[in-house]
file run32.cif (mmCIF, C-alpha atoms)
data_final
#
loop_
_atom_site.label_atom_id
_atom_site.label_comp_id
_atom_site.auth_asym_id
_atom_site.auth_seq_id
_atom_site.Cartn_x
_atom_site.Cartn_y
_atom_site.Cartn_z
CA MET F 1352 -17.40 -20.03 21.22
CA ASN F 1353 -18.14 -16.50 22.54
CA LEU F 1354 -14.59 -16.16 23.79
CA LEU F 1355 -13.25 -17.27 20.41
CA ILE F 1356 -15.30 -14.57 18.69
CA ILE F 1357 -14.04 -11.95 21.17
CA ILE F 1358 -10.39 -12.81 20.51
CA PHE F 1359 -10.80 -13.37 16.75
CA PRO F 1360 -10.03 -9.74 15.70
CA PHE F 1361 -7.06 -9.65 18.10
CA PHE F 1362 -5.74 -12.87 16.60
CA SER F 1363 -6.16 -11.36 13.09
CA THR F 1364 -4.08 -8.35 14.16
CA LEU F 1365 -1.42 -10.72 15.47
CA CYS F 1366 -1.43 -12.40 12.03
CA TYR F 1367 -1.12 -8.92 10.46
CA ALA F 1368 1.95 -8.22 12.63
CA LEU F 1369 3.49 -11.62 11.91
CA ILE F 1370 2.99 -11.37 8.13
CA PHE F 1371 4.46 -7.85 8.22
CA LEU F 1372 7.41 -9.16 10.24
CA LEU F 1373 7.95 -11.97 7.73
CA ILE F 1374 7.81 -9.68 4.68
CA GLN F 1375 10.13 -7.18 6.37
CA GLN F 1376 12.83 -9.89 6.43
CA PHE F 1377 12.89 -9.87 2.61
CA LYS F 1378 11.65 -6.41 1.58
CA LYS F 1379 12.59 -4.05 4.37
CA ASN F 1380 12.99 -0.97 2.17
CA THR F 1381 9.30 -0.79 1.29
CA TYR F 1382 7.90 -0.96 4.82
CA LEU F 1383 5.04 1.46 4.10
CA LYS F 1384 3.80 -0.53 1.12
CA ASN F 1385 4.14 -3.75 3.12
CA LEU F 1386 2.15 -2.23 5.96
CA ILE F 1387 -0.63 -0.96 3.70
CA TYR F 1388 -0.98 -3.95 1.37
CA ILE F 1389 -1.11 -6.61 4.10
CA PHE F 1390 -4.17 -4.90 5.59
CA PRO F 1391 -6.63 -5.64 2.70
CA PHE F 1392 -5.09 -9.11 2.41
CA ILE F 1393 -6.09 -9.88 6.02
CA VAL F 1394 -9.53 -8.32 5.47
CA ILE F 1395 -10.12 -10.62 2.48
CA ILE F 1396 -9.09 -13.67 4.53
CA LYS F 1397 -11.46 -12.57 7.30
CA ILE F 1398 -14.34 -12.18 4.84
CA TYR F 1399 -13.60 -15.65 3.48
CA VAL F 1400 -13.53 -17.21 6.97
CA ILE F 1401 -16.77 -15.47 7.96
CA PHE F 1402 -18.55 -16.62 4.77
CA LYS F 1403 -17.20 -20.14 5.15
CA PHE F 1404 -18.39 -20.44 8.76
CA ASN F 1405 -21.33 -18.02 8.59
CA TYR F 1406 -23.51 -20.22 10.78
CA PHE F 1407 -21.24 -19.37 13.75
CA PHE F 1408 -21.67 -15.59 13.51
CA ASN F 1409 -24.58 -13.17 13.81
CA TYR F 1410 -24.43 -9.65 12.33
CA HIS F 1411 -23.54 -8.06 15.65
CA GLU F 1412 -20.47 -10.29 15.93
CA ILE F 1413 -19.46 -9.69 12.31
CA PHE F 1414 -19.56 -5.91 12.81
CA TYR F 1415 -17.63 -6.34 16.06
CA ILE F 1416 -14.94 -8.40 14.31
CA PHE F 1417 -14.41 -5.82 11.57
CA PHE F 1418 -14.62 -2.75 13.79
CA VAL F 1419 -12.17 -4.10 16.36
CA PHE F 1420 -9.80 -5.30 13.64
CA LEU F 1421 -9.90 -1.81 12.10
CA CYS F 1422 -9.06 -0.20 15.46
CA ASN F 1423 -6.31 -2.74 16.19
CA SER F 1424 -4.79 -2.24 12.75
CA PHE F 1425 -4.79 1.52 13.21
CA ILE F 1426 -2.94 1.11 16.52
CA PHE F 1427 -0.46 -1.33 14.95
CA MET F 1428 0.19 0.90 11.91
CA ASN F 1429 0.89 3.84 14.18
CA THR F 1430 3.19 1.79 16.39
CA ILE F 1431 5.27 1.04 13.30
CA GLN F 1432 5.03 4.53 11.84
CA VAL F 1433 5.82 6.61 14.93
CA PRO F 1434 9.46 5.51 15.53
CA ILE F 1435 10.21 6.17 11.87
CA SER F 1436 8.58 9.48 11.16
CA SER F 1437 7.64 11.22 14.40
CA LEU F 1438 9.44 14.53 14.93
CA GLN F 1439 8.97 14.24 18.67
CA VAL F 1440 10.69 10.84 18.74
CA ALA F 1441 13.48 12.14 16.46
CA LEU F 1442 14.11 14.93 18.96
CA LEU F 1443 14.20 12.45 21.84
CA ARG F 1444 16.81 10.44 19.93
CA ILE F 1445 18.97 13.53 19.43
CA ILE F 1446 18.79 14.35 23.13
CA GLU F 1447 19.59 10.73 24.00
CA ALA F 1448 22.60 10.70 21.67
CA SER F 1449 24.01 13.98 22.96
CA PRO F 1450 22.78 14.94 26.42
CA ASN F 1451 23.02 18.45 27.90
CA LEU F 1452 22.19 20.21 24.65
CA SER F 1453 20.40 23.54 24.72
CA GLU F 1454 17.31 24.29 22.61
CA LYS F 1455 19.43 26.34 20.23
CA ASP F 1456 21.91 23.47 19.76
CA ILE F 1457 19.04 21.14 18.92
CA GLN F 1458 17.60 23.56 16.41
CA LYS F 1459 21.00 23.75 14.76
CA LYS F 1460 21.24 19.98 14.62
CA TYR F 1461 17.67 19.37 13.50
CA ASN F 1462 15.97 22.16 11.62
CA SER F 1463 13.25 22.33 8.96
CA ASN F 1464 15.82 22.03 6.12
CA ILE F 1465 16.95 18.66 7.45
CA VAL F 1466 13.35 17.56 8.07
CA PHE F 1467 12.49 18.53 4.48
CA ASP F 1468 15.33 16.49 2.97
CA GLU F 1469 14.49 13.47 5.12
CA ARG F 1470 10.81 13.56 4.25
CA ILE F 1471 11.33 14.12 0.51
CA GLY F 1472 13.68 11.13 0.47
CA ARG F 1473 11.18 8.90 2.22
CA LEU F 1474 8.17 10.09 0.21
CA CYS F 1475 10.03 9.38 -3.06
CA LYS F 1476 11.22 6.01 -1.78
CA SER F 1477 7.71 4.94 -0.84
CA GLY F 1478 6.34 5.96 -4.24
CA ILE F 1479 4.19 8.87 -3.03
CA LEU F 1480 6.31 11.54 -4.77
CA PHE F 1481 8.20 11.42 -8.01
CA GLU F 1482 11.36 13.40 -8.65
CA LYS F 1483 12.76 14.10 -12.10
CA LYS F 1484 15.48 16.68 -12.72
CA SER F 1485 14.74 18.32 -9.35
CA ILE F 1486 11.04 18.71 -10.20
CA LEU F 1487 8.73 17.08 -7.68
CA GLU F 1488 5.28 15.72 -8.41
CA ILE F 1489 2.70 13.65 -6.53
CA LYS F 1490 2.74 10.13 -7.93
CA GLY F 1491 0.31 8.16 -5.78
CA LYS F 1492 -3.11 9.78 -5.59
CA LYS F 1493 -4.12 7.75 -2.51
CA ILE F 1494 -2.21 10.17 -0.28
CA LEU F 1495 -4.61 12.93 -1.39
CA ILE F 1496 -7.52 10.99 0.13
CA LEU F 1497 -5.64 10.90 3.44
CA LEU F 1498 -4.90 14.62 3.13
CA LYS F 1499 -8.59 15.40 2.54
CA LEU F 1500 -9.58 13.26 5.51
CA ILE F 1501 -7.10 15.01 7.82
CA LYS F 1502 -8.27 18.42 6.57
CA PHE F 1503 -11.90 17.41 7.19
CA PHE F 1504 -11.12 16.44 10.79
CA LYS F 1505 -9.11 19.64 11.27
CA VAL F 1506 -12.06 21.74 10.15
CA LEU F 1507 -14.37 19.69 12.35
CA HIS F 1508 -12.14 20.27 15.40
CA LYS F 1509 -11.52 23.93 14.47
CA VAL F 1510 -7.77 23.32 14.22
CA ARG F 1511 -5.60 25.64 12.10
CA LEU F 1512 -4.95 24.12 8.66
CA MET M 1282 -28.39 -2.29 10.48
CA GLU M 1283 -29.44 -2.36 14.11
CA GLN M 1284 -26.49 -4.60 14.98
CA PHE M 1285 -24.12 -2.20 13.21
CA ILE M 1286 -25.53 0.73 15.18
CA ASN M 1287 -25.08 -1.30 18.38
CA ILE M 1288 -21.34 -1.57 17.78
CA VAL M 1289 -20.73 2.02 16.61
CA LEU M 1290 -23.14 3.78 18.98
CA TYR M 1291 -20.75 4.16 21.94
CA PRO M 1292 -17.80 5.21 19.73
CA ILE M 1293 -20.01 7.81 18.00
CA ILE M 1294 -21.13 9.17 21.38
CA TYR M 1295 -17.49 9.38 22.50
CA PHE M 1296 -16.48 11.07 19.23
CA LEU M 1297 -19.22 13.70 19.57
CA LEU M 1298 -18.39 14.27 23.23
CA GLN M 1299 -14.69 14.88 22.60
CA LEU M 1300 -15.59 17.07 19.60
CA PHE M 1301 -17.95 19.12 21.77
CA PHE M 1302 -15.28 19.70 24.44
CA PHE M 1303 -12.65 20.49 21.83
CA ARG M 1304 -14.69 22.91 19.75
CA PHE M 1305 -16.48 24.81 22.46
CA PHE M 1306 -14.13 24.66 25.46
CA ASN M 1307 -10.79 23.94 23.77
CA ILE M 1308 -10.34 20.94 26.07
CA ASN M 1309 -8.73 17.77 24.74
CA ILE M 1310 -10.25 14.86 26.64
CA ASN M 1311 -8.19 12.29 24.71
CA LYS M 1312 -5.78 11.52 27.53
CA VAL M 1313 -4.34 8.45 29.24
CA SER M 1314 -6.54 9.19 32.26
CA THR M 1315 -9.65 9.10 30.02
CA ILE M 1316 -8.57 5.72 28.61
CA PHE M 1317 -8.23 4.29 32.13
CA LEU M 1318 -11.46 5.87 33.31
CA ILE M 1319 -13.44 4.38 30.41
CA LEU M 1320 -11.71 1.03 30.92
CA LEU M 1321 -12.70 0.99 34.59
CA ILE M 1322 -16.30 1.99 33.82
CA SER M 1323 -16.43 -0.69 31.09
CA LEU M 1324 -15.11 -3.37 33.46
CA PHE M 1325 -17.70 -2.36 36.02
CA ILE M 1326 -20.58 -2.41 33.52
CA GLY M 1327 -19.28 -5.63 31.93
CA THR M 1328 -19.05 -7.55 35.20
CA LYS M 1329 -22.30 -6.09 36.56
CA THR M 1330 -24.42 -6.99 33.50
CA GLY M 1331 -22.52 -10.12 32.40
CA SER M 1332 -23.97 -9.58 28.94
CA TYR M 1333 -21.98 -10.89 25.97
CA GLU M 1334 -23.42 -8.26 23.58
CA ILE M 1335 -22.53 -5.40 25.91
CA ALA M 1336 -19.02 -6.85 26.32
CA LEU M 1337 -18.52 -6.69 22.54
CA ASN M 1338 -19.72 -3.08 22.45
CA LEU M 1339 -17.46 -2.08 25.33
CA ILE M 1340 -14.36 -3.67 23.77
CA ALA M 1341 -15.11 -1.74 20.57
CA LEU M 1342 -15.52 1.49 22.55
CA ASN M 1343 -12.26 1.06 24.49
CA LEU M 1344 -10.24 0.42 21.35
CA PHE M 1345 -11.86 3.40 19.66
CA VAL M 1346 -10.83 5.63 22.58
CA VAL M 1347 -7.23 4.41 22.27
CA CYS M 1348 -7.33 5.10 18.51
CA PHE M 1349 -8.48 8.63 19.12
CA TYR M 1350 -5.77 9.14 21.72
CA ILE M 1351 -3.24 8.26 18.99
CA PHE M 1352 -5.02 10.20 16.24
CA ILE M 1353 -5.49 13.59 17.94
CA PRO M 1354 -1.80 14.61 18.35
CA GLY M 1355 -1.32 14.04 14.60
CA LEU M 1356 -4.32 16.27 13.96
CA LEU M 1357 -3.12 19.06 16.24
CA ASN M 1358 0.47 19.03 14.94
CA THR M 1359 0.48 18.60 11.18
CA GLY M 1360 3.33 16.35 10.10
CA PRO M 1361 5.97 17.59 7.65
CA ALA M 1362 5.06 14.93 5.08
CA LEU M 1363 1.48 16.18 4.92
CA ILE M 1364 2.68 19.79 4.60
CA ILE M 1365 4.83 18.74 1.61
CA VAL M 1366 1.96 16.84 -0.03
CA ASP M 1367 -0.43 19.74 0.59
CA LEU M 1368 2.01 22.25 -0.99
CA LEU M 1369 2.58 19.97 -3.97
CA LYS M 1370 -1.13 19.44 -4.44
CA ARG M 1371 -1.61 23.19 -4.77
CA LYS M 1372 1.38 23.62 -7.11
CA LYS M 1373 0.96 20.39 -9.14
CA LYS M 1374 4.67 20.37 -10.05
CA CYS M 1375 7.35 22.21 -8.17
CA LYS M 1376 11.11 22.65 -8.11
CA LYS M 1377 12.67 21.06 -5.06
CA SER M 1378 14.39 24.31 -4.04
CA ASP M 1379 11.15 26.34 -4.36
CA LEU M 1380 9.27 23.73 -2.39
CA LYS M 1381 11.90 23.89 0.34
CA ILE M 1382 11.36 27.66 0.70
CA LEU M 1383 7.58 27.19 0.90
CA PHE M 1384 8.01 24.33 3.35
CA ASN M 1385 10.23 26.38 5.64
CA LYS M 1386 7.61 29.14 5.70
CA ASN M 1387 4.84 26.69 6.59
CA MET M 1388 6.92 24.67 9.02
CA LYS M 1389 8.15 27.60 11.12
CA PRO M 1390 5.08 28.06 13.34
CA LEU M 1391 4.55 24.29 13.74
CA GLY M 1392 8.11 23.12 13.74
CA ILE M 1393 10.80 21.75 15.93
CA LYS M 1394 10.38 24.24 18.79
CA ASN M 1395 6.74 23.28 19.20
CA ARG M 1396 7.59 19.56 19.31
CA LEU M 1397 10.35 20.20 21.82
CA GLU M 1398 7.91 22.08 24.06
CA ILE M 1399 5.48 19.14 23.86
CA ASN M 1400 8.30 16.78 24.89
CA ILE M 1401 9.07 18.97 27.90
CA LYS M 1402 5.39 19.38 28.82
CA THR M 1403 4.78 15.63 28.66
CA ASN M 1404 7.86 14.99 30.84
CA PHE M 1405 9.79 13.04 28.22
CA VAL M 1406 12.53 15.65 28.45
CA LYS M 1407 13.88 17.40 31.55
CA LYS M 1408 15.03 21.00 31.24
CA LYS M 1409 17.55 22.18 33.82
CA ASN M 1410 19.62 25.36 33.45
CA ASP M 1411 18.65 25.54 29.78
CA LYS M 1412 20.16 22.06 29.23
CA LEU M 1413 17.94 19.26 27.94
CA ASN M 1414 18.13 15.62 29.03
CA LEU M 1415 15.89 12.60 28.65
CA SER M 1416 13.72 11.76 31.63
CA LYS M 1417 13.16 8.16 32.74
CA LYS M 1418 9.82 8.21 30.90
CA GLY M 1419 11.58 9.38 27.74
CA LYS M 1420 14.22 6.65 28.05
CA ILE M 1421 11.52 3.98 28.38
CA LEU M 1422 9.74 5.35 25.29
CA ILE M 1423 12.95 5.32 23.23
CA TYR M 1424 13.74 1.79 24.44
CA PHE M 1425 10.24 0.67 23.37
CA PHE M 1426 10.60 2.20 19.90
CA ASP M 1427 14.13 0.81 19.50
CA THR M 1428 12.74 -2.65 20.23
CA ILE M 1429 10.02 -2.16 17.58
CA ILE M 1430 12.69 -1.02 15.08
CA LYS M 1431 14.88 -4.05 15.80
CA ILE M 1432 12.04 -6.58 15.65
CA PHE M 1433 10.54 -5.28 12.41
CA ARG M 1434 13.88 -4.28 10.84
CA LEU M 1435 12.73 -0.72 10.23
CA LYS M 1436 14.93 2.12 9.06
CA PRO M 1437 14.24 5.35 10.92
CA ASP M 1438 15.65 8.67 9.69
CA ARG M 1439 17.80 8.98 12.83
#

call {"tool": "encode", "arguments": {"input": "run32.cif", "output": "structure tokens"}}
result
Amino acid sequence: MNLLIIIFPFFSTLCYALIFLLIQQFKKNTYLKNLIYIFPFIVIIKIYVIFKFNYFFNYHEIFYIFFVFLCNSFIFMNTIQVPISSLQVALLRIIEASPNLSEKDIQKKYNSNIVFDERIGRLCKSGILFEKKSILEIKGKKILILLKLIKFFKVLHKVRL
Amino acid sequence: MEQFINIVLYPIIYFLLQLFFFRFFNININKVSTIFLILLISLFIGTKTGSYEIALNLIALNLFVVCFYIFIPGLLNTGPALIIVDLLKRKKKCKKSDLKILFNKNMKPLGIKNRLEINIKTNFVKKKNDKLNLSKKGKILIYFFDTIIKIFRLKPDR
């Protein structure tokens, strides 16, 4: 039983990955929404399972299950997000596609103008920004919570904003 | 409450420790070597005590350390998407062309050059006679991400 409890949050993360994989087969253009909305869905299922079989778990184990699932989900979300949006990975791809480039060549190929256009496109696509007649506006307010959180940690770590 | 504290105690201690080193000595302890060191110490403590409760706490701690290893680079190098959202938050509404000018101003000190330097420092890219090429480590990383993209049918920008 103890071993089952230890692997329970890892199994939940596997379910998270599998459900995401399944949904991606049908709705691959909204990967960010898929990634975000499956998370509370799994949490609700976990709460249901824990309530249903509450006699198996003590509080320590319940906190363990949720904490580890949270950490695992964070790792999984980043694993999905990094190959799509990381600048470092984008640069590696450019170097892989055309070896022997100099730094200047790379900056010509991939500069902040290109990054801006790419990001605006993706932010609009994922419903975070809204563009009408070339005027941009924040649509989803949830991103502001993330922004505040990042700013809080930056201040805490004395990192330039 | 006590059980909750049991689980989060080690992660909180780790968080405060890395914060202390970062703020006062400018040292980032969130490294692969730290992950392995904590894993080894955890294995030692886990096998020595044989306690189920301690095992749960140590698993939580190890995963938390990995999470922080992933989180810190994003904190040190603000992503372009967050810069755009931050600029738009201040301006409420903004013309795309004006936002682009503001973005370029903000992106310059953090931008591509910085990321390229990180890639060279972390040995993902080899620099020889001013020419850049992927190292073996970089090729493995790209292969790993390509596999993720194929499996999950993702659409990267490039």

call {"tool": "atom_distance", "arguments": {"input": "run32.cif", "atom1": "CA of Leu1356 in chain M", "atom2": "CA of Phe1504 in chain F"}}
result
7.5 Å

call {"tool": "closest_atom_pairs", "arguments": {"input": "run32.cif", "of": "chain M", "to": "chain F", "cutoff": "6 Å", "atoms": "only C-alpha atoms", "output": "CSV"}}
result
residue,atom,partner,partner_atom,distance
M:Gln1284,CA,F:His1411,CA,4.6
M:Phe1285,CA,F:Phe1414,CA,5.9
M:Arg1304,CA,F:His1508,CA,5.7
M:Ala1341,CA,F:Val1419,CA,5.7
M:Ala1362,CA,F:Arg1470,CA,6.0
M:Lys1374,CA,F:Glu1488,CA,5.0
M:Cys1375,CA,F:Leu1487,CA,5.3
M:Lys1376,CA,F:Ile1486,CA,4.5
M:Lys1377,CA,F:Ser1485,CA,5.5
M:Arg1396,CA,F:Gln1439,CA,5.5
M:Asp1411,CA,F:Ser1453,CA,5.7
M:Lys1412,CA,F:Ser1453,CA,4.8
M:Leu1413,CA,F:Asn1451,CA,5.1
M:Asn1414,CA,F:Pro1450,CA,5.4
M:Phe1426,CA,F:Pro1434,CA,5.6
M:Phe1433,CA,F:Leu1372,CA,5.4
M:Pro1437,CA,F:Ile1435,CA,4.2

call {"tool": "atom_distance", "arguments": {"input": "run32.cif", "atom1": "CA of Ile1340 in chain M", "atom2": "CA of Thr1364 in chain F"}}
result
14.8 Å

call {"tool": "atom_distance", "arguments": {"input": "run32.cif", "atom1": "CA of Tyr1295 in chain M", "atom2": "CA of Met1428 in chain F"}}
result
22.3 Å

call {"tool": "axis_aligned_box", "arguments": {"input": "run32.cif", "around": "range 1340-1351 of chain M", "padding_each_side": "8 Å", "output": "JSON"}}
result
{"center_x": -9.4, "center_y": 2.7, "center_z": 21.5, "size_x": 28.3, "size_y": 28.8, "size_z": 22.0}

call {"tool": "closest_residue", "arguments": {"input": "run32.cif", "among": "M:Ile1430, M:Leu1415, M:Ile1316, M:Ile1310", "to": "Leu1344 in chain M", "atoms": "all atoms listed in the file"}}
result
M:Ile1316

call {"tool": "residues_around", "arguments": {"input": "run32.cif", "residues": "Phe1405 in chain M", "least_positions_apart": "2", "cutoff": "8 Å", "atoms": "all atoms listed in the file", "output": "list in words"}}
result
Leu1443 of chain F; Asn1400, Ile1401, Lys1402, Thr1403, Lys1407, Leu1415, Ser1416, Lys1417, Lys1418, Gly1419 and Lys1420 of chain M
